[in-house]
>>> print(open('work_38.tsv').read())   # TSV, C-alpha atoms
chain	number	residue	atom	x	y	z
A	27	CYS	CA	0.00	0.00	0.00
A	28	MET	CA	1.32	3.41	-0.90
A	29	ASP	CA	0.79	5.65	2.11
A	30	ALA	CA	0.43	8.71	-0.10
A	31	ILE	CA	-2.75	7.41	-1.65
A	32	CYS	CA	-3.96	4.81	0.86
A	33	PRO	CA	-4.55	6.74	4.07
A	34	ARG	CA	-5.78	4.83	7.05
A	35	LEU	CA	-9.49	4.95	7.66
A	36	ASP	CA	-10.40	6.98	10.73
A	37	GLU	CA	-12.72	4.38	12.26
A	38	ASN	CA	-13.90	6.75	14.97
A	39	ARG	CA	-15.20	9.28	12.44
A	40	ALA	CA	-16.77	6.54	10.34
A	41	SER	CA	-18.46	4.91	13.32
A	42	ASN	CA	-19.85	8.24	14.52
A	43	ALA	CA	-21.92	8.60	11.34
A	44	LYS	CA	-25.69	8.85	11.48
A	45	SER	CA	-27.36	5.53	12.21
A	46	ALA	CA	-28.87	5.43	8.71
A	47	ASP	CA	-25.36	5.54	7.25
A	48	VAL	CA	-23.84	2.85	9.47
A	49	PHE	CA	-22.47	-0.27	7.80
A	50	ASP	CA	-20.17	-3.10	8.78
A	51	LEU	CA	-16.57	-1.83	8.76
A	52	GLU	CA	-15.42	-5.46	8.57
A	53	LYS	CA	-16.53	-5.36	4.91
A	54	VAL	CA	-14.11	-2.53	4.10
A	55	ARG	CA	-10.73	-3.40	2.58
A	56	THR	CA	-7.83	-1.19	1.55
A	57	ILE	CA	-6.85	-1.71	-2.09
A	58	GLU	CA	-3.38	-3.24	-1.82
A	59	GLU	CA	-2.13	-1.97	-5.19
A	60	PRO	CA	-4.06	1.13	-6.25
A	61	HIS	CA	-4.28	1.45	-10.04
A	62	ILE	CA	-6.23	2.98	-12.90
A	63	SER	CA	-8.14	0.21	-14.67
A	64	LEU	CA	-8.07	0.14	-18.47
A	65	THR	CA	-10.05	-3.07	-19.04
A	66	ARG	CA	-12.99	-4.86	-17.55
A	67	PRO	CA	-12.09	-8.25	-16.08
A	68	PHE	CA	-11.57	-10.76	-18.90
A	69	TYR	CA	-10.33	-14.28	-19.55
A	70	LEU	CA	-7.70	-15.42	-22.03
A	71	PRO	CA	-6.72	-19.04	-22.59
A	72	GLU	CA	-3.23	-19.82	-21.27
A	73	HIS	CA	-1.78	-20.22	-24.76
A	74	GLN	CA	-2.83	-16.66	-25.74
A	75	ILE	CA	-1.34	-14.80	-22.77
A	76	ALA	CA	2.25	-14.46	-24.04
A	77	GLY	CA	1.05	-13.22	-27.43
A	78	PHE	CA	-1.31	-10.73	-25.80
A	79	VAL	CA	1.48	-9.34	-23.61
A	80	ARG	CA	3.85	-9.04	-26.61
A	81	GLU	CA	1.21	-7.20	-28.62
A	82	LEU	CA	0.35	-4.98	-25.67
A	83	GLU	CA	4.00	-4.01	-25.31
A	84	ALA	CA	4.18	-3.25	-29.04
A	85	CYS	CA	1.01	-1.18	-29.06
A	86	LEU	CA	2.25	0.91	-26.12
A	87	GLY	CA	5.41	1.81	-28.03
A	88	GLY	CA	5.96	5.53	-28.34
A	89	LEU	CA	3.91	6.40	-25.27
A	90	GLY	CA	6.07	7.99	-22.62
A	91	PRO	CA	5.50	8.39	-18.89
A	92	PHE	CA	2.95	10.98	-17.83
A	93	ALA	CA	1.44	12.47	-14.70
A	94	VAL	CA	-2.10	12.32	-13.39
A	95	GLY	CA	-3.69	14.41	-10.68
A	96	PHE	CA	-6.72	13.62	-8.56
A	97	GLY	CA	-9.92	15.42	-7.68
A	98	GLN	CA	-13.09	14.45	-5.92
A	99	ILE	CA	-13.92	11.31	-3.98
A	100	SER	CA	-16.45	9.11	-5.80
A	101	THR	CA	-18.06	5.73	-5.34
A	102	TYR	CA	-18.37	2.95	-7.90
A	103	VAL	CA	-20.06	-0.45	-7.94
A	104	ASN	CA	-18.85	-3.39	-10.05
A	105	GLU	CA	-21.01	-4.93	-12.78
A	106	ARG	CA	-22.09	-7.82	-10.55
A	107	GLN	CA	-23.25	-5.32	-7.91
A	108	ASP	CA	-21.45	-7.26	-5.16
A	109	ARG	CA	-18.55	-4.89	-4.51
A	110	GLY	CA	-18.36	-1.15	-4.10
A	111	PHE	CA	-15.34	1.10	-4.25
A	112	VAL	CA	-14.37	4.44	-2.75
A	113	ALA	CA	-12.06	6.17	-5.21
A	114	VAL	CA	-10.46	9.44	-6.20
A	115	ASP	CA	-11.17	10.59	-9.73
A	116	VAL	CA	-8.43	11.51	-12.17
A	117	ASP	CA	-8.95	15.19	-12.97
A	118	CYS	CA	-5.62	16.05	-14.57
A	119	GLY	CA	-3.87	13.96	-17.20
A	120	GLU	CA	-7.07	12.31	-18.39
A	121	GLU	CA	-6.09	12.73	-22.06
A	122	SER	CA	-2.86	10.81	-21.47
A	123	VAL	CA	-4.80	7.96	-19.84
A	124	ARG	CA	-7.25	8.02	-22.76
A	125	ARG	CA	-4.36	7.62	-25.26
A	126	VAL	CA	-3.28	4.46	-23.46
A	127	LEU	CA	-6.89	3.25	-23.28
A	128	ASP	CA	-7.42	3.76	-27.02
A	129	ARG	CA	-4.50	1.43	-27.77
A	130	VAL	CA	-5.59	-1.13	-25.19
A	131	ASP	CA	-9.16	-1.09	-26.57
A	132	ARG	CA	-7.88	-1.85	-30.09
A	133	LEU	CA	-5.89	-4.80	-28.75
A	134	MET	CA	-8.88	-6.07	-26.76
A	135	GLY	CA	-10.97	-6.05	-29.94
A	136	LYS	CA	-8.25	-7.95	-31.79
A	137	PHE	CA	-8.42	-10.68	-29.13
A	138	GLY	CA	-12.23	-10.79	-29.17
A	139	GLN	CA	-12.61	-9.13	-25.77
A	140	ARG	CA	-14.96	-6.38	-24.65
A	141	LYS	CA	-13.65	-2.87	-24.84
A	142	PHE	CA	-13.64	-0.63	-21.78
A	143	PHE	CA	-16.66	1.49	-20.97
A	144	ARG	CA	-17.89	3.78	-23.75
A	145	VAL	CA	-17.68	6.76	-21.40
A	146	PRO	CA	-14.82	5.90	-19.03
A	147	ARG	CA	-14.45	7.52	-15.62
A	148	PHE	CA	-10.78	7.19	-14.76
A	149	HIS	CA	-10.13	6.79	-11.06
A	150	ILE	CA	-7.97	5.06	-8.48
A	151	SER	CA	-9.91	2.92	-6.02
A	152	LEU	CA	-8.59	3.16	-2.48
A	153	LEU	CA	-11.11	1.04	-0.60
A	154	SER	CA	-13.39	-1.83	-1.54
A	155	VAL	CA	-16.57	-2.79	0.26
A	156	ASP	CA	-18.31	-6.16	0.01
A	157	LEU	CA	-21.96	-5.42	-0.66
A	158	ALA	CA	-24.85	-7.58	0.45
A	159	PRO	CA	-28.03	-7.50	-1.64
A	160	ALA	CA	-29.54	-5.13	0.93
A	161	ASP	CA	-26.67	-2.63	0.51
A	162	SER	CA	-28.34	-0.92	-2.40
A	163	GLU	CA	-26.99	2.53	-1.65
A	164	MET	CA	-23.24	2.60	-2.14
A	165	SER	CA	-23.54	6.37	-1.81
A	166	LYS	CA	-24.11	5.97	1.96
A	167	VAL	CA	-20.94	3.92	2.23
A	168	GLY	CA	-19.03	6.41	0.11
A	169	ALA	CA	-20.32	9.41	2.02
A	170	THR	CA	-19.35	7.91	5.36
A	171	LEU	CA	-15.93	6.65	4.29
A	172	GLY	CA	-15.32	9.69	2.12
A	173	ALA	CA	-15.91	11.96	5.09
A	174	ALA	CA	-13.55	9.84	7.19
A	175	MET	CA	-10.83	10.00	4.54
A	176	GLY	CA	-11.57	13.26	2.80
A	177	GLU	CA	-9.21	15.57	4.60
A	178	GLU	CA	-6.34	13.14	4.16
A	179	ILE	CA	-6.73	12.53	0.41
A	180	ALA	CA	-8.28	15.73	-0.86
A	181	HIS	CA	-4.92	17.17	-1.82
A	182	LEU	CA	-3.16	14.24	-3.47
A	183	ALA	CA	-0.18	15.27	-5.49
A	184	ALA	CA	0.26	14.22	-9.09
A	185	MET	CA	1.39	10.66	-9.63
A	186	ARG	CA	3.83	9.62	-12.34
A	187	ILE	CA	2.59	6.78	-14.55
A	188	ASP	CA	5.58	5.00	-16.09
A	189	GLU	CA	4.31	1.45	-16.62
A	190	VAL	CA	1.28	-0.59	-17.51
A	191	GLU	CA	0.66	-3.80	-15.60
A	192	CYS	CA	-1.15	-6.75	-17.07
A	193	ILE	CA	-2.32	-9.40	-14.59
A	194	PHE	CA	-3.59	-12.88	-15.46
A	195	GLY	CA	-4.29	-14.90	-12.31
A	196	ASN	CA	-1.04	-14.96	-10.36
A	197	LYS	CA	1.05	-13.80	-13.34
A	198	LYS	CA	1.92	-10.11	-13.46
A	199	PHE	CA	3.59	-8.44	-16.44
A	200	SER	CA	4.98	-4.90	-16.07
A	201	LEU	CA	5.47	-3.02	-19.30
A	202	GLY	CA	7.43	0.22	-19.07
A	203	LEU	CA	6.39	3.30	-20.98
A	204	ASP	CA	9.25	4.64	-23.13
A	205	GLU	CA	11.17	7.65	-21.87
>>> encode(input="work_38.tsv", output="structure tokens")
Amino acid sequence: CMDAICPRLDENRASNAKSADVFDLEKVRTIEEPHISLTRPFYLPEHQIAGFVRELEACLGGLGPFAVGFGQISTYVNERQDRGFVAVDVDCGEESVRRVLDRVDRLMGKFGQRKFFRVPRFHISLLSVDLAPADSEMSKVGATLGAAMGEEIAHLAAMRIDEVECIFGNKKFSLGLDE
């Protein structure tokens, strides 16, 4: 966990929230490796992974490192509606992230995979929350945790992006962006 972008949750402030906003803090997890997602989860057969990584490295050629800055705290829910996230939105450097995404999307299409969201909202998730079917309002979770974390993460500095990671199961591939 990078302390600069994974501040500790102030459990006292979170637990002092209004009773309507209370939820089980045991369901809250710090994201171990904060990142900006560029794909939805997908599956590739084992024999295609090496080729995918080679082509990803080739398609990223010519893209150099860049910086991103962060803005407001937002909440997101995954497609299965079983996990919520408290995140900080990218508000500076979005065009650089979009250039990487455009290349990744083309590669995903070539491998028969879904492209990323039509209107992406780039962000770094800091916390995840397991949602039960009754937890229909992620906004309550986000408001409570956001208030507990807000002062600590509201002024995040820019972060340098100098690699793209590709993870398949327990295999991680780090591809550097050219200088």
>>> residues_around(input="work_38.tsv", residues="stretch 185-194 of chain A", least_positions_apart="2", cutoff="7 Å", atoms="all atoms listed in the file", output="tab-separated table (two decimals) with C-alpha atoms, keeping the file's coordinate frame")
chain	number	residue	atom	x	y	z
A	91	PRO	CA	5.50	8.39	-18.89
A	92	PHE	CA	2.95	10.98	-17.83
A	93	ALA	CA	1.44	12.47	-14.70
A	94	VAL	CA	-2.10	12.32	-13.39
A	95	GLY	CA	-3.69	14.41	-10.68
A	183	ALA	CA	-0.18	15.27	-5.49
A	196	ASN	CA	-1.04	-14.96	-10.36
A	197	LYS	CA	1.05	-13.80	-13.34
A	198	LYS	CA	1.92	-10.11	-13.46
A	199	PHE	CA	3.59	-8.44	-16.44
A	200	SER	CA	4.98	-4.90	-16.07
A	201	LEU	CA	5.47	-3.02	-19.30
A	202	GLY	CA	7.43	0.22	-19.07
A	203	LEU	CA	6.39	3.30	-20.98
>>> closest_atom_pairs(input="work_38.tsv", of="stretch 45-91 of chain A", to="stretch 112-117 of chain A", cutoff="10 Å", atoms="only C-alpha atoms", output="CSV")
residue,atom,partner,partner_atom,distance
A:Val54,CA,A:Val112,CA,9.8
A:Thr56,CA,A:Val112,CA,9.6
A:Ile57,CA,A:Val112,CA,9.7
A:Pro60,CA,A:Ala113,CA,9.5
A:Ile62,CA,A:Val116,CA,8.8
>>> write_last_selection(input="work_38.tsv", atoms="C-alpha atoms", output="PDB file, in the frame of the given file")
ATOM      1  CA  VAL A  54     -14.110  -2.530   4.100  1.00  0.00           C
ATOM      2  CA  THR A  56      -7.830  -1.190   1.550  1.00  0.00           C
ATOM      3  CA  ILE A  57      -6.850  -1.710  -2.090  1.00  0.00           C
ATOM      4  CA  PRO A  60      -4.060   1.130  -6.250  1.00  0.00           C
ATOM      5  CA  ILE A  62      -6.230   2.980 -12.900  1.00  0.00           C
TER       6      ILE A  62
END
>>> atom_distance(input="work_38.tsv", atom1="atom CA of A:Gln107", atom2="atom CA of A:Leu127")
24.0 Å
>>> closest_residue(input="work_38.tsv", among="A:Arg144, A:Lys136, A:Arg80, A:His73", to="A:Arg124", atoms="all atoms listed in the file")
A:Arg144
>>> axis_aligned_box(input="work_38.tsv", around="stretch 112-124 of chain A", padding_each_side="4 Å", output="JSON")
{"center_x": -8.6, "center_y": 10.2, "center_z": -12.8, "size_x": 19.5, "size_y": 19.6, "size_z": 28.0}
>>> atom_distance(input="work_38.tsv", atom1="atom CA of A:Asp128", atom2="atom CA of A:Ile99")
25.1 Å
>>> atom_distance(input="work_38.tsv", atom1="atom CA of A:Asp204", atom2="atom CA of A:His149")
22.9 Å
>>> closest_residue(input="work_38.tsv", among="A:Lys141, A:Arg55, A:Arg129, A:Arg66", to="A:Leu153", atoms="all atoms listed in the file")
A:Arg55
>>> closest_residue(input="work_38.tsv", among="A:Pro67, A:Ser154, A:Gly195, A:Ile75", to="A:Glu105", atoms="all atoms listed in the file")
A:Pro67
>>> closest_residue(input="work_38.tsv", among="A:Gly88, A:Glu81, A:Ala158, A:Cys118", to="A:Lys53", atoms="all atoms listed in the file")
A:Ala158
>>> closest_residue(input="work_38.tsv", among="A:Phe78, A:Leu157, A:His61, A:Pro71", to="A:Val130", atoms="all atoms listed in the file")
A:Phe78
>>> closest_residue(input="work_38.tsv", among="A:Glu120, A:Glu52, A:Asp131, A:Asp156", to="A:Leu82", atoms="all atoms listed in the file")
A:Asp131
